[in-house]
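The structure appears below as C-alpha cells.
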Amino acid sequence: YVQSERCKSGLYMEYAKQLVEKGAAYYCFCTPERIEGLRKNVAGKEIMMYDKHCLSLTPEEVKEHHPKVVFVDDNPAEREIIKTQIPAVAVPAVSTVDQYIKEIDKQGYFEVLHLSKDDLSRNSMYKANIQRAETMKAFADYGEYLKSLEMKAVIKAFEPVYMSRIAQLTNKSNQFNLTTKRYTETEIREVSESKDHICLCGRLADKFGDNGIVSVVIGKINGNVLDIELWLMSCRVLKRDMELAMLDELVRLAKVHGVERINGYYYKTQKNSMVSELFGTFGFERDELLENGDSVWHLDITSYDNKNHVIKVNEKETNHE
C-alpha cells in the first residue's frame, strides 16, 4: 500500500495533524511531477530522496497553499478543466452523488479542529454589531459614540480557559497582526509560563454584548527592554480604541518589570498593511524601514501617559465568565 493513500482515506488524518502541531511533521505541497523529478539512480537502483523543499515554509505560506475553494462534480471532464486551469482549487474525484459527503468528509476540507465559546456565540456578536452600526448614525461626534457604548474590558495574563481561543486568534488573524507569528495551543501555554514574557489577552464588552477575547499581545523582556513578539486584534472591534487599552496595560506591566523601552516590529505581508503605521500612531519612533516594507520602532515609556479614554478596564464588578 501507499502510506499517503491511507492519509487520504482519513485513517491517519487526525494523527498527522497532531504531529504537525507538535512540530514533528510538516505540510508538503510538492506536485507529483516535482516528486517524480527527485528520483535518482544510485548503484544501479532507482531511489527517491526528498529534498525537504517544503520544510522551510512559513505558516502564512502554508495557509496560502491550503485550498480555499473545493470544486465537486461527478463529470470527470469538468473536474479536469478546473484542475488544470485553476490549480489552487481542490478537486476531489467523485463518481456518484452519494459519494459527495463521504469524500469531502474524508479529505477534511471544512474540518474545524477547535470550537471555542466565542465561535458558538458568533451569531449574537454579529447581531450586536448591527445594533452598534445603527446607534452610530445618531452621533455626529465619533468620540461621543464610543463613550455611549459603555465599553468595559478585561485585560490580563493568559488563563487556561482561554488558551484555545488565543491560539486560534494567532492562526486566523491576518489584517490586524503586526508580526503574524503563529502559535499552537501548546506553545501558548509554554510562553504564558515563561518568566521572561509578558502575555496579555483582552476581552471587550459593551451595552450591546460581549465580543469575547479579541486581542493578544506577547512581549519578551530583555533587561530594561521589552521586545513585542506578537500583537494582534480581531477586526470585529476595529475603531473602538481597544488597541490603546491594550497598550496602556502593556506599559503598566512593563514598568513593573523594570522596563524602560518597548521595541515594536512590523513584518509586512499581503494582508496586514492596515497596521503598517500602527506603532507610529501610538507615539513610537521608527528606527528602521527595510526595502521589503518591514519596520522597527521603539517607545520610551518612562514618561508614558495613558491613551485610552473611552474603555473602562479591569473593573472589579466586570464579570464575563
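Here's how to read the names in the C-alpha cells: chain A, B, ... by the order shown, residue numbers from 1 in each chain, ligand numbers from 1 in the order shown.
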Inset, instruction - Write out as number ranges by chain all residues of segment 140-224 of chain A that backbone DSSP assigns to strand (DSSP E or B). - result: A: 152-156, 177, 197-206, 209-222
Legend entry - Val310 of chain A environment, 8 Å, only C-alpha atoms, sequence neighbours closer than 5 positions dropped, as a list in words: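 Near neighbours after the sequence-gap exclusion: Gly143, Leu146, Lys147, Glu150, Met151 and Asp241 of chain A.
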Inset, instruction - For segment 275-291 of chain A, please output as an MDAnalysis selection string all residues within 8 Å (counting only C-alpha atoms; exclusion window: fewer than 4 positions along the same chain). - result: chainID A and resid 175:178 244 264 266 268 295:300
Legend entry - Nearest to Lys271 of chain A by atom-to-atom distance, counting only C-alpha atoms, from A:Pro160, A:Gly23, A:Ser173, A:Val154: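 The closest residue to Lys271 of chain A is A:Ser173.
Our summary of the geometry notes that atom CA of Asp206 of chain A is positioned 17.3 Å from atom CA of Ala138 of chain A.
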Inset, instruction - Could you give me, as an MDAnalysis selection string, each residue of segment 259-288 of chain A that DSSP assigns to alpha helix (DSSP H) when run on this structure's backbone? - result: chainID A and resid 278:282
Residues from the last selection, N, CA and C atoms, saved as a CSV table (one decimal), in the first residue's frame:
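Output (selection_35.csv):
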chain,number,residue,atom,x,y,z
A,278,LEU,N,0.9,51.5,12.7
A,278,LEU,CA,0.2,51.4,14.0
A,278,LEU,C,1.1,52.0,15.1
A,279,PHE,N,2.4,51.5,15.1
A,279,PHE,CA,3.3,51.9,16.2
A,279,PHE,C,3.5,53.4,16.2
A,280,GLY,N,3.5,54.0,15.0
A,280,GLY,CA,3.6,55.5,14.8
A,280,GLY,C,2.4,56.2,15.5
A,281,THR,N,1.2,55.6,15.3
A,281,THR,CA,0.0,56.3,15.9
A,281,THR,C,0.1,56.2,17.4
A,282,PHE,N,0.8,55.2,18.0
A,282,PHE,CA,1.0,55.0,19.4
A,282,PHE,C,2.0,56.0,20.0
